[in-house]
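A short write-up of the structure that comes next.
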Amino acid sequence: MTNIALPTTPGTVTATTLEGMIFQLAWTFGIGAEKDIIKNPNQVAYVTATMEPEFVYETYPTANAGRMVIVVSGLPIATVRLPYAGRSDVTLNDYLTGSGFLPGSGGAPTFALANASWCQHLWDGILLLHNLQIQPAKNPLGLNLVASWNMEGAGVNSTLNAVGNANLELPLMFVNSGGFPTILAASPMGNLI
């Protein structure tokens with residue numbers, strides 16, 4: 001399993017794996033919160049996710065509950081401020097009104113800034129998963145979990161803004177949670193460390 005420790009102060013995401021974190025962020029906030037008219041008064045839809053329980057991974061028997069296909073399209077990203085004056089961070093602000101996301105803090109290893117938005121964690125998670133999958137030692141099964149990702153510029157005025165797009169699929173598995181079957185994202189990439 002991927003080695004992400006839970007933060008010492010509680011947050012919304014309770015997954016202990018990178019794939020599980022992406023699963024929860026896409027499902028709870030990308031799907032759930034975007035459907036809420038109060039949290040999403042502009043009715044934007046940047047994240048879609050579909051569960052396909054009939055999908056079978058021939059080489060990954062742990063994925064016994066199919067897969068989740070996640071599509072991120074047009075996610076707003078703030079990139080390089082003009083005039084350019086050195087290093088600049090890629091940041092994603094929460095476009096939802098009162099999403100309810102609490103990132104927590106104090107985990108080891110720390111995945112992202114404690115005050116980052118849910119969409120910042122989602123985007124960082126997608127990029128990290130892509131970097132893991134292109135390393136043969138981390139991806140011995142040759143799975144293509146992040147099929148594609150890109151950032152396209154959409155610049156105006158003094159800030160060069162971009163939009164993020166990604167297509168990925170996460171293997172799902174059934175686990176026993178207090179006598180009830182629960183669907184979680186499987187973690188084929190192994191330890192982060």
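Identifiers for the structure tokens are assigned positionally: chains receive A, B, ... in sequence, residues are indexed from 1 per chain, and ligands are indexed from 1 in the order shown.
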With a cut-off of 8 Å, could you pull out the residues of region 121-182 of chain A touching region 6-27 of chain A and give me the nearest pair of atoms for each, distance in Å to one decimal, using only C-alpha atoms, ordered by chain and ascending number, as a Markdown table?
```
| residue | atom | partner | partner_atom | distance |
| --- | --- | --- | --- | --- |
| A:His121 | CA | A:Leu25 | CA | 8.0 |
| A:Leu122 | CA | A:Ile22 | CA | 5.8 |
| A:Gly125 | CA | A:Ile22 | CA | 6.3 |
| A:Ile126 | CA | A:Ile22 | CA | 7.2 |
| A:Leu129 | CA | A:Leu18 | CA | 7.4 |
| A:Leu170 | CA | A:Glu19 | CA | 6.9 |
```
Distance query region 177-191 of chain A at most 12 Å, only C-alpha atoms, self and fewer than 5 positions along chain excluded, as a compact mmCIF listing (two decimals) with all heavy atoms, in the first residue's frame:
```
# COMPACT_ATOMS: atom_id res chain seq x y z
N MET A 1 0.84 -1.18 0.00
CA MET A 1 0.00 0.00 0.00
C MET A 1 0.88 1.24 0.00
O MET A 1 1.95 1.25 0.57
CB MET A 1 -0.89 0.01 1.24
CG MET A 1 -1.84 -1.18 1.35
SD MET A 1 -3.08 -1.26 0.07
CE MET A 1 -4.24 -0.06 0.67
N THR A 2 0.39 2.28 -0.63
CA THR A 2 1.13 3.53 -0.68
C THR A 2 1.24 4.11 0.72
O THR A 2 0.30 4.09 1.48
CB THR A 2 0.42 4.52 -1.62
OG1 THR A 2 0.32 3.92 -2.90
CG2 THR A 2 1.19 5.81 -1.74
N ASN A 3 2.39 4.65 1.03
CA ASN A 3 2.71 5.04 2.39
C ASN A 3 2.45 6.51 2.64
O ASN A 3 3.36 7.33 2.62
CB ASN A 3 4.18 4.70 2.64
CG ASN A 3 4.52 4.64 4.09
OD1 ASN A 3 3.65 4.82 4.93
ND2 ASN A 3 5.76 4.38 4.40
N ILE A 4 1.18 6.89 2.86
CA ILE A 4 0.83 8.25 3.25
C ILE A 4 0.23 8.18 4.64
O ILE A 4 -0.71 7.44 4.87
CB ILE A 4 -0.21 8.88 2.29
CG1 ILE A 4 0.40 9.07 0.90
CG2 ILE A 4 -0.69 10.23 2.82
CD1 ILE A 4 -0.55 9.67 -0.09
N ALA A 5 0.80 8.93 5.56
CA ALA A 5 0.29 8.92 6.93
C ALA A 5 -0.83 9.94 7.07
O ALA A 5 -0.79 10.99 6.45
CB ALA A 5 1.41 9.23 7.91
N THR A 14 -9.70 10.75 4.51
CA THR A 14 -9.22 9.77 5.48
C THR A 14 -8.42 8.65 4.83
O THR A 14 -8.01 7.73 5.52
CB THR A 14 -10.40 9.15 6.25
OG1 THR A 14 -11.29 8.54 5.30
CG2 THR A 14 -11.15 10.21 7.04
N ALA A 15 -8.18 8.73 3.53
CA ALA A 15 -7.44 7.69 2.83
C ALA A 15 -5.99 7.68 3.28
O ALA A 15 -5.41 8.70 3.57
CB ALA A 15 -7.50 7.92 1.33
N THR A 16 -5.41 6.48 3.33
CA THR A 16 -4.00 6.36 3.68
C THR A 16 -3.15 6.08 2.44
O THR A 16 -1.95 5.84 2.55
CB THR A 16 -3.80 5.23 4.70
OG1 THR A 16 -4.35 4.03 4.16
CG2 THR A 16 -4.46 5.56 6.02
N THR A 17 -3.75 6.09 1.27
CA THR A 17 -3.01 5.85 0.03
C THR A 17 -3.24 7.00 -0.93
O THR A 17 -4.24 7.72 -0.84
CB THR A 17 -3.46 4.55 -0.66
OG1 THR A 17 -4.80 4.70 -1.12
CG2 THR A 17 -3.37 3.36 0.27
N LEU A 18 -2.32 7.18 -1.86
CA LEU A 18 -2.45 8.22 -2.87
C LEU A 18 -3.68 7.99 -3.74
O LEU A 18 -4.47 8.91 -3.98
CB LEU A 18 -1.18 8.26 -3.73
CG LEU A 18 -1.18 9.23 -4.90
CD1 LEU A 18 -1.35 10.66 -4.41
CD2 LEU A 18 0.10 9.08 -5.71
N GLU A 19 -3.86 6.75 -4.19
CA GLU A 19 -5.02 6.45 -5.04
C GLU A 19 -6.32 6.66 -4.27
O GLU A 19 -7.30 7.16 -4.82
CB GLU A 19 -4.93 5.01 -5.55
CG GLU A 19 -3.77 4.76 -6.50
CD GLU A 19 -2.46 4.40 -5.80
OE1 GLU A 19 -2.35 4.57 -4.56
OE2 GLU A 19 -1.55 3.94 -6.48
N GLY A 20 -6.33 6.28 -3.00
CA GLY A 20 -7.51 6.50 -2.17
C GLY A 20 -7.82 7.97 -1.97
O GLY A 20 -8.97 8.38 -1.95
N MET A 21 -6.77 8.77 -1.82
CA MET A 21 -6.96 10.21 -1.66
C MET A 21 -7.58 10.81 -2.93
O MET A 21 -8.52 11.59 -2.86
CB MET A 21 -5.62 10.88 -1.36
CG MET A 21 -5.73 12.37 -1.10
SD MET A 21 -4.14 13.15 -0.80
CE MET A 21 -3.57 13.35 -2.48
N ILE A 22 -7.07 10.42 -4.09
CA ILE A 22 -7.62 10.92 -5.35
C ILE A 22 -9.08 10.49 -5.49
O ILE A 22 -9.94 11.27 -5.88
CB ILE A 22 -6.77 10.42 -6.54
CG1 ILE A 22 -5.38 11.06 -6.50
CG2 ILE A 22 -7.46 10.71 -7.86
CD1 ILE A 22 -4.40 10.45 -7.49
N PHE A 23 -9.36 9.23 -5.16
CA PHE A 23 -10.72 8.70 -5.21
C PHE A 23 -11.66 9.55 -4.35
O PHE A 23 -12.71 9.98 -4.81
CB PHE A 23 -10.70 7.24 -4.72
CG PHE A 23 -12.05 6.58 -4.59
CD1 PHE A 23 -12.57 5.84 -5.62
CD2 PHE A 23 -12.78 6.70 -3.42
CE1 PHE A 23 -13.80 5.21 -5.50
CE2 PHE A 23 -14.02 6.08 -3.28
CZ PHE A 23 -14.52 5.33 -4.32
N GLN A 24 -11.28 9.80 -3.10
CA GLN A 24 -12.14 10.57 -2.20
C GLN A 24 -12.31 12.01 -2.65
O GLN A 24 -13.41 12.56 -2.59
CB GLN A 24 -11.59 10.53 -0.78
CG GLN A 24 -11.80 9.20 -0.10
CD GLN A 24 -11.41 9.23 1.37
OE1 GLN A 24 -11.11 10.28 1.93
NE2 GLN A 24 -11.40 8.08 1.99
N LEU A 25 -11.24 12.65 -3.11
CA LEU A 25 -11.35 14.04 -3.55
C LEU A 25 -12.23 14.16 -4.79
O LEU A 25 -13.07 15.05 -4.88
CB LEU A 25 -9.96 14.62 -3.81
CG LEU A 25 -9.10 14.87 -2.58
CD1 LEU A 25 -7.67 15.21 -2.99
CD2 LEU A 25 -9.69 15.98 -1.72
N ALA A 26 -12.05 13.27 -5.74
CA ALA A 26 -12.85 13.34 -6.97
C ALA A 26 -14.31 13.04 -6.68
O ALA A 26 -15.21 13.70 -7.20
CB ALA A 26 -12.29 12.36 -8.02
N TRP A 27 -14.57 12.03 -5.84
CA TRP A 27 -15.94 11.60 -5.59
C TRP A 27 -16.67 12.56 -4.65
O TRP A 27 -17.78 12.99 -4.93
CB TRP A 27 -15.93 10.18 -5.02
CG TRP A 27 -17.28 9.54 -5.00
CD1 TRP A 27 -18.09 9.34 -3.93
CD2 TRP A 27 -17.99 9.02 -6.13
NE1 TRP A 27 -19.25 8.72 -4.32
CE2 TRP A 27 -19.22 8.51 -5.66
CE3 TRP A 27 -17.70 8.93 -7.48
CZ2 TRP A 27 -20.15 7.93 -6.50
CZ3 TRP A 27 -18.63 8.34 -8.33
CH2 TRP A 27 -19.84 7.85 -7.82
N MET A 51 -18.05 5.02 -12.04
CA MET A 51 -17.61 3.70 -11.58
C MET A 51 -18.06 2.66 -12.59
O MET A 51 -19.20 2.68 -13.04
CB MET A 51 -18.20 3.38 -10.21
CG MET A 51 -17.57 4.13 -9.08
SD MET A 51 -18.09 3.41 -7.51
CE MET A 51 -17.53 4.67 -6.39
N GLU A 52 -17.13 1.77 -12.92
CA GLU A 52 -17.41 0.68 -13.85
C GLU A 52 -17.11 -0.64 -13.15
O GLU A 52 -16.01 -1.19 -13.26
CB GLU A 52 -16.57 0.84 -15.12
CG GLU A 52 -16.86 2.12 -15.87
CD GLU A 52 -15.96 2.33 -17.09
OE1 GLU A 52 -14.99 1.55 -17.28
OE2 GLU A 52 -16.24 3.28 -17.84
N PRO A 53 -18.10 -1.17 -12.40
CA PRO A 53 -17.84 -2.38 -11.61
C PRO A 53 -17.59 -3.63 -12.44
O PRO A 53 -17.00 -4.59 -11.94
CB PRO A 53 -19.12 -2.53 -10.77
CG PRO A 53 -20.16 -1.76 -11.51
CD PRO A 53 -19.45 -0.66 -12.24
N TYR A 57 -9.44 -6.22 -14.38
CA TYR A 57 -8.00 -6.12 -14.61
C TYR A 57 -7.43 -7.52 -14.67
O TYR A 57 -7.44 -8.23 -13.67
CB TYR A 57 -7.32 -5.32 -13.49
CG TYR A 57 -7.58 -3.84 -13.53
CD1 TYR A 57 -8.68 -3.30 -12.89
CD2 TYR A 57 -6.72 -3.00 -14.21
CE1 TYR A 57 -8.91 -1.93 -12.93
CE2 TYR A 57 -6.94 -1.63 -14.26
CZ TYR A 57 -8.04 -1.10 -13.61
OH TYR A 57 -8.27 0.24 -13.65
N THR A 59 -4.29 -8.46 -15.02
CA THR A 59 -3.00 -8.63 -14.35
C THR A 59 -2.97 -8.06 -12.94
O THR A 59 -1.93 -8.01 -12.31
CB THR A 59 -1.89 -7.95 -15.16
OG1 THR A 59 -2.19 -6.55 -15.27
CG2 THR A 59 -1.76 -8.55 -16.54
N TYR A 60 -4.12 -7.60 -12.44
CA TYR A 60 -4.14 -7.01 -11.10
C TYR A 60 -5.34 -7.56 -10.34
O TYR A 60 -6.38 -6.93 -10.25
CB TYR A 60 -4.20 -5.48 -11.22
CG TYR A 60 -3.96 -4.77 -9.90
CD1 TYR A 60 -2.84 -5.05 -9.13
CD2 TYR A 60 -4.86 -3.84 -9.42
CE1 TYR A 60 -2.61 -4.41 -7.93
CE2 TYR A 60 -4.65 -3.19 -8.21
CZ TYR A 60 -3.51 -3.48 -7.47
OH TYR A 60 -3.30 -2.86 -6.28
N PRO A 61 -5.20 -8.77 -9.78
CA PRO A 61 -6.34 -9.46 -9.16
C PRO A 61 -6.92 -8.75 -7.94
O PRO A 61 -8.05 -9.00 -7.55
CB PRO A 61 -5.77 -10.83 -8.78
CG PRO A 61 -4.30 -10.62 -8.70
CD PRO A 61 -3.97 -9.55 -9.69
N THR A 62 -6.15 -7.84 -7.31
CA THR A 62 -6.66 -7.13 -6.15
C THR A 62 -7.82 -6.21 -6.53
O THR A 62 -8.69 -5.91 -5.73
CB THR A 62 -5.53 -6.29 -5.50
OG1 THR A 62 -4.46 -7.18 -5.19
CG2 THR A 62 -6.00 -5.62 -4.25
N ALA A 63 -7.83 -5.76 -7.79
CA ALA A 63 -8.90 -4.87 -8.27
C ALA A 63 -10.12 -5.71 -8.60
O ALA A 63 -10.40 -6.01 -9.75
CB ALA A 63 -8.43 -4.08 -9.48
N ASN A 64 -10.88 -6.08 -7.58
CA ASN A 64 -12.02 -6.98 -7.78
C ASN A 64 -13.36 -6.23 -7.82
O ASN A 64 -14.40 -6.86 -7.82
CB ASN A 64 -12.04 -8.04 -6.67
CG ASN A 64 -12.10 -7.41 -5.28
OD1 ASN A 64 -12.24 -6.21 -5.13
ND2 ASN A 64 -11.99 -8.25 -4.27
N ALA A 65 -13.32 -4.90 -7.83
CA ALA A 65 -14.57 -4.12 -7.87
C ALA A 65 -14.62 -3.20 -9.09
O ALA A 65 -15.38 -2.25 -9.12
CB ALA A 65 -14.72 -3.30 -6.60
N GLY A 66 -13.78 -3.48 -10.09
CA GLY A 66 -13.81 -2.68 -11.31
C GLY A 66 -12.88 -1.49 -11.23
O GLY A 66 -11.79 -1.55 -10.66
N ARG A 67 -13.34 -0.38 -11.82
CA ARG A 67 -12.51 0.82 -11.85
C ARG A 67 -13.36 2.07 -11.78
O ARG A 67 -14.57 2.03 -12.03
CB ARG A 67 -11.66 0.86 -13.12
CG ARG A 67 -12.49 1.07 -14.39
CD ARG A 67 -11.64 1.14 -15.62
NE ARG A 67 -12.47 1.23 -16.82
CZ ARG A 67 -12.00 1.27 -18.04
NH1 ARG A 67 -10.70 1.22 -18.25
NH2 ARG A 67 -12.82 1.36 -19.07
N MET A 68 -12.71 3.18 -11.43
CA MET A 68 -13.33 4.49 -11.49
C MET A 68 -12.60 5.29 -12.55
O MET A 68 -11.37 5.40 -12.51
CB MET A 68 -13.25 5.23 -10.16
CG MET A 68 -13.77 6.67 -10.25
SD MET A 68 -13.63 7.59 -8.71
CE MET A 68 -15.25 7.25 -8.05
N VAL A 69 -13.34 5.81 -13.51
CA VAL A 69 -12.78 6.66 -14.55
C VAL A 69 -13.04 8.10 -14.14
O VAL A 69 -14.18 8.50 -13.92
CB VAL A 69 -13.40 6.36 -15.93
CG1 VAL A 69 -12.87 7.33 -16.98
CG2 VAL A 69 -13.13 4.91 -16.33
N PRO A 109 4.97 11.08 5.57
CA PRO A 109 5.48 12.28 4.92
C PRO A 109 4.37 13.27 4.59
O PRO A 109 3.24 12.85 4.35
CB PRO A 109 6.13 11.76 3.65
CG PRO A 109 5.36 10.52 3.33
CD PRO A 109 4.99 9.93 4.66
N LEU A 128 1.51 13.40 -9.11
CA LEU A 128 2.35 12.44 -8.41
C LEU A 128 2.08 11.02 -8.90
O LEU A 128 3.01 10.25 -9.13
CB LEU A 128 2.14 12.54 -6.90
CG LEU A 128 2.93 11.55 -6.05
CD1 LEU A 128 4.43 11.65 -6.31
CD2 LEU A 128 2.64 11.78 -4.57
N LEU A 129 0.81 10.67 -9.09
CA LEU A 129 0.48 9.34 -9.58
C LEU A 129 1.07 9.12 -10.97
O LEU A 129 1.59 8.04 -11.27
CB LEU A 129 -1.05 9.14 -9.60
CG LEU A 129 -1.54 7.75 -9.95
CD1 LEU A 129 -1.02 6.70 -8.97
CD2 LEU A 129 -3.07 7.73 -9.98
N HIS A 130 1.03 10.14 -11.82
CA HIS A 130 1.64 10.03 -13.15
C HIS A 130 3.15 9.80 -13.04
O HIS A 130 3.71 8.95 -13.73
CB HIS A 130 1.36 11.29 -13.98
CG HIS A 130 2.05 11.25 -15.31
ND1 HIS A 130 3.23 11.89 -15.54
CD2 HIS A 130 1.72 10.63 -16.47
CE1 HIS A 130 3.61 11.67 -16.80
NE2 HIS A 130 2.71 10.91 -17.37
N ASN A 131 3.80 10.55 -12.15
CA ASN A 131 5.25 10.38 -11.98
C ASN A 131 5.59 9.00 -11.46
O ASN A 131 6.63 8.43 -11.84
CB ASN A 131 5.80 11.45 -11.04
CG ASN A 131 5.86 12.81 -11.70
OD1 ASN A 131 5.90 12.92 -12.92
ND2 ASN A 131 5.84 13.86 -10.90
N LEU A 132 4.76 8.42 -10.62
CA LEU A 132 5.00 7.07 -10.14
C LEU A 132 4.81 6.03 -11.24
O LEU A 132 5.58 5.08 -11.35
CB LEU A 132 4.08 6.75 -8.95
CG LEU A 132 4.36 7.49 -7.65
CD1 LEU A 132 3.27 7.18 -6.63
CD2 LEU A 132 5.73 7.13 -7.10
N GLN A 133 3.78 6.21 -12.06
CA GLN A 133 3.47 5.19 -13.06
C GLN A 133 4.52 5.11 -14.16
O GLN A 133 4.65 4.07 -14.81
CB GLN A 133 2.08 5.39 -13.64
CG GLN A 133 2.00 6.30 -14.82
CD GLN A 133 0.59 6.41 -15.39
OE1 GLN A 133 -0.37 5.97 -14.79
NE2 GLN A 133 0.49 7.00 -16.54
N ILE A 134 5.28 6.16 -14.40
CA ILE A 134 6.30 6.10 -15.45
C ILE A 134 7.63 5.53 -14.94
O ILE A 134 8.57 5.40 -15.72
CB ILE A 134 6.52 7.48 -16.12
CG1 ILE A 134 7.01 8.52 -15.11
CG2 ILE A 134 5.26 7.94 -16.83
CD1 ILE A 134 7.35 9.88 -15.72
N GLN A 135 7.67 5.17 -13.66
CA GLN A 135 8.85 4.52 -13.09
C GLN A 135 8.61 3.01 -13.05
O GLN A 135 7.74 2.55 -12.29
CB GLN A 135 9.11 5.04 -11.68
CG GLN A 135 9.40 6.52 -11.59
CD GLN A 135 9.59 6.96 -10.16
OE1 GLN A 135 10.26 6.28 -9.38
NE2 GLN A 135 8.99 8.09 -9.81
N PRO A 136 9.34 2.23 -13.84
CA PRO A 136 9.11 0.78 -13.85
C PRO A 136 9.18 0.13 -12.47
O PRO A 136 8.42 -0.80 -12.19
CB PRO A 136 10.23 0.25 -14.76
CG PRO A 136 10.57 1.42 -15.64
CD PRO A 136 10.38 2.64 -14.78
N ALA A 137 10.03 0.62 -11.58
CA ALA A 137 10.13 0.02 -10.25
C ALA A 137 8.85 0.25 -9.44
O ALA A 137 8.49 -0.58 -8.61
CB ALA A 137 11.33 0.60 -9.50
N LYS A 138 8.17 1.35 -9.66
CA LYS A 138 6.93 1.66 -8.94
C LYS A 138 5.71 1.08 -9.64
O LYS A 138 4.65 0.95 -9.04
CB LYS A 138 6.74 3.17 -8.79
CG LYS A 138 7.75 3.82 -7.89
CD LYS A 138 7.51 3.42 -6.45
CE LYS A 138 8.47 4.13 -5.52
NZ LYS A 138 8.35 3.65 -4.15
N ASN A 139 5.84 0.76 -10.91
CA ASN A 139 4.70 0.28 -11.70
C ASN A 139 5.06 -1.01 -12.42
O ASN A 139 5.05 -1.06 -13.66
CB ASN A 139 4.28 1.37 -12.69
CG ASN A 139 2.98 1.07 -13.39
OD1 ASN A 139 2.26 0.13 -13.06
ND2 ASN A 139 2.66 1.87 -14.40
N PRO A 140 5.37 -2.08 -11.68
CA PRO A 140 5.80 -3.33 -12.34
C PRO A 140 4.70 -3.98 -13.19
O PRO A 140 5.00 -4.76 -14.07
CB PRO A 140 6.21 -4.22 -11.17
CG PRO A 140 5.46 -3.69 -9.99
CD PRO A 140 5.34 -2.21 -10.23
N LEU A 141 3.43 -3.64 -12.92
CA LEU A 141 2.34 -4.21 -13.71
C LEU A 141 2.11 -3.43 -15.01
O LEU A 141 1.31 -3.85 -15.84
CB LEU A 141 1.04 -4.22 -12.89
CG LEU A 141 1.07 -5.06 -11.61
CD1 LEU A 141 -0.22 -4.88 -10.83
CD2 LEU A 141 1.31 -6.52 -11.94
N GLY A 142 2.78 -2.30 -15.17
CA GLY A 142 2.62 -1.51 -16.39
C GLY A 142 1.25 -0.89 -16.54
O GLY A 142 0.78 -0.67 -17.65
N LEU A 143 0.58 -0.58 -15.42
CA LEU A 143 -0.75 0.02 -15.48
C LEU A 143 -0.65 1.47 -15.94
O LEU A 143 0.30 2.18 -15.61
CB LEU A 143 -1.42 -0.05 -14.11
CG LEU A 143 -1.69 -1.45 -13.58
CD1 LEU A 143 -2.24 -1.38 -12.16
CD2 LEU A 143 -2.65 -2.20 -14.47
N ASN A 144 -1.64 1.91 -16.69
CA ASN A 144 -1.69 3.28 -17.19
C ASN A 144 -2.83 4.01 -16.47
O ASN A 144 -3.88 4.26 -17.05
CB ASN A 144 -1.92 3.26 -18.71
CG ASN A 144 -1.68 4.61 -19.33
OD1 ASN A 144 -0.93 5.43 -18.81
ND2 ASN A 144 -2.32 4.86 -20.46
N LEU A 145 -2.61 4.33 -15.19
CA LEU A 145 -3.66 4.93 -14.39
C LEU A 145 -3.94 6.37 -14.80
O LEU A 145 -5.09 6.79 -14.81
CB LEU A 145 -3.29 4.86 -12.90
CG LEU A 145 -3.01 3.47 -12.34
CD1 LEU A 145 -2.79 3.53 -10.85
CD2 LEU A 145 -4.14 2.50 -12.68
N VAL A 146 -2.92 7.14 -15.11
CA VAL A 146 -3.10 8.50 -15.62
C VAL A 146 -2.86 8.42 -17.13
O VAL A 146 -1.73 8.41 -17.59
CB VAL A 146 -2.15 9.51 -14.96
CG1 VAL A 146 -2.39 10.91 -15.50
CG2 VAL A 146 -2.33 9.50 -13.44
N GLU A 169 -7.78 6.46 -14.48
CA GLU A 169 -8.63 5.38 -13.98
C GLU A 169 -7.97 4.77 -12.77
O GLU A 169 -6.75 4.59 -12.72
CB GLU A 169 -8.89 4.32 -15.04
CG GLU A 169 -7.68 3.52 -15.46
CD GLU A 169 -8.02 2.41 -16.43
OE1 GLU A 169 -8.61 2.70 -17.47
OE2 GLU A 169 -7.68 1.25 -16.14
N LEU A 170 -8.78 4.49 -11.77
CA LEU A 170 -8.28 3.89 -10.53
C LEU A 170 -8.89 2.52 -10.35
O LEU A 170 -10.11 2.37 -10.39
CB LEU A 170 -8.64 4.77 -9.33
CG LEU A 170 -8.09 6.19 -9.32
CD1 LEU A 170 -8.60 6.93 -8.10
CD2 LEU A 170 -6.59 6.19 -9.36
N PRO A 171 -8.06 1.49 -10.14
CA PRO A 171 -8.61 0.17 -9.83
C PRO A 171 -9.32 0.22 -8.47
O PRO A 171 -8.85 0.86 -7.54
CB PRO A 171 -7.36 -0.72 -9.75
CG PRO A 171 -6.25 0.06 -10.34
CD PRO A 171 -6.60 1.50 -10.21
N LEU A 172 -10.46 -0.44 -8.39
CA LEU A 172 -11.24 -0.46 -7.15
C LEU A 172 -11.21 -1.86 -6.54
O LEU A 172 -11.06 -2.85 -7.25
CB LEU A 172 -12.69 -0.05 -7.43
CG LEU A 172 -12.88 1.33 -8.05
CD1 LEU A 172 -14.36 1.56 -8.36
CD2 LEU A 172 -12.35 2.42 -7.14
```
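Shortest atom-to-atom contact with Met151 (chain A) among A:Trp123, A:Phe174, A:Phe55, A:Phe29: A:Trp123, counting only C-alpha atoms.
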Give the answer as one residue: which of A:Ile38, A:Gly30, A:Thr50, A:Tyr95 has the shortest atom-to-atom distance to Leu168 (chain A), using only C-alpha atoms?
A:Thr50
Can you pull out the residues contacting Gln43 (chain A)? Cut-off 12 Å, using only C-alpha atoms, and skip same-chain residues under 3 positions away; I want them as a PyMOL selection string.
chain A and resi 30-31+33-40+46-47+95-97
Write to file, as a PDB file, in the first residue's frame, the residues of the selection just made, with C-alpha atoms.
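Result file selection.pdb:
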```pdb
ATOM      1  CA  GLY A  30     -15.540  16.870  -7.574  1.00  0.00           C
ATOM      2  CA  ILE A  31     -18.833  15.043  -7.894  1.00  0.00           C
ATOM      3  CA  ALA A  33     -20.011  19.202  -3.992  1.00  0.00           C
ATOM      4  CA  GLU A  34     -20.287  20.277  -7.640  1.00  0.00           C
ATOM      5  CA  LYS A  35     -23.872  18.946  -7.638  1.00  0.00           C
ATOM      6  CA  ASP A  36     -24.768  21.097  -4.619  1.00  0.00           C
ATOM      7  CA  ILE A  37     -26.337  24.395  -5.782  1.00  0.00           C
ATOM      8  CA  ILE A  38     -25.281  26.126  -2.550  1.00  0.00           C
ATOM      9  CA  LYS A  39     -21.643  25.008  -2.778  1.00  0.00           C
ATOM     10  CA  ASN A  40     -21.540  25.464  -6.546  1.00  0.00           C
ATOM     11  CA  TYR A  46     -14.709  20.436 -13.900  1.00  0.00           C
ATOM     12  CA  VAL A  47     -14.585  16.880 -12.509  1.00  0.00           C
ATOM     13  CA  TYR A  95     -13.905  27.387  -6.742  1.00  0.00           C
ATOM     14  CA  LEU A  96     -16.708  26.014  -4.550  1.00  0.00           C
ATOM     15  CA  THR A  97     -18.489  28.093  -1.923  1.00  0.00           C
TER      16      THR A  97
END
```
Hey, what's within 6 Å of Val71 (chain A) if we count only C-alpha atoms and toss same-chain stuff fewer than 2 positions away? As an NGL selection string, please?
:A and (47-48 or 166-167)
Of the residues A:Ala49, A:Val44, A:Val163, A:Val56, which is the one nearest to Leu92 (chain A), using only C-alpha atoms?
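Of A:Ala49, A:Val44, A:Val163, A:Val56, the one nearest Leu92 (chain A), counting only C-alpha atoms, is A:Val163.
Picture a line from CA of Asp124 (chain A) to CA of Met173 (chain A); it runs 23.2 Å.
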Going by DSSP on the backbone, which bits of region 26-154 of chain A are alpha helix (DSSP H)? Write them as a PyMOL selection string, please.
chain A and resi 118-133
Got a sec to tell me which of region 57-175 of chain A DSSP assigns to strand (DSSP E or B), as a PyMOL selection string?
chain A and resi 67-81+91+105+146-153+156+159-175
Extract, using only C-alpha atoms, all DNA, RNA and protein residues at most 9 Å from Asn165 (chain A), discarding same-chain residues fewer than 6 positions from it, and format them as a compact mmCIF listing (two decimals) with N, CA, C and O atoms, in the first residue's frame.
```
# COMPACT_ATOMS: atom_id res chain seq x y z
N TYR A 46 -16.07 20.69 -13.43
CA TYR A 46 -14.71 20.44 -13.90
C TYR A 46 -14.29 18.98 -13.71
O TYR A 46 -13.34 18.53 -14.33
N VAL A 71 -12.38 12.17 -15.06
CA VAL A 71 -12.02 13.13 -16.10
C VAL A 71 -12.04 14.52 -15.47
O VAL A 71 -13.05 14.93 -14.89
N VAL A 72 -10.91 15.20 -15.57
CA VAL A 72 -10.80 16.59 -15.12
C VAL A 72 -10.71 17.43 -16.38
O VAL A 72 -9.85 17.18 -17.23
N SER A 73 -11.59 18.41 -16.51
CA SER A 73 -11.63 19.20 -17.74
C SER A 73 -11.81 20.68 -17.44
O SER A 73 -12.82 21.09 -16.88
N GLY A 74 -10.79 21.47 -17.79
CA GLY A 74 -10.88 22.92 -17.63
C GLY A 74 -10.72 23.42 -16.22
O GLY A 74 -11.15 24.52 -15.90
N LEU A 75 -10.06 22.66 -15.34
CA LEU A 75 -9.87 23.05 -13.95
C LEU A 75 -9.01 24.32 -13.90
O LEU A 75 -7.91 24.35 -14.44
N SER A 148 -3.67 10.60 -19.44
CA SER A 148 -3.16 11.86 -19.98
C SER A 148 -3.38 12.97 -18.98
O SER A 148 -4.28 12.89 -18.14
N TRP A 149 -2.55 14.00 -19.07
CA TRP A 149 -2.76 15.23 -18.32
C TRP A 149 -2.05 16.35 -19.05
O TRP A 149 -1.06 16.13 -19.76
N ASN A 150 -2.58 17.57 -18.94
CA ASN A 150 -1.92 18.73 -19.51
C ASN A 150 -2.41 20.00 -18.85
O ASN A 150 -3.45 20.01 -18.19
N MET A 151 -1.63 21.05 -19.02
CA MET A 151 -2.03 22.38 -18.60
C MET A 151 -1.95 23.26 -19.84
O MET A 151 -0.92 23.29 -20.51
N GLU A 152 -3.04 23.94 -20.14
CA GLU A 152 -3.10 24.81 -21.30
C GLU A 152 -3.26 26.25 -20.84
O GLU A 152 -4.04 26.53 -19.94
```
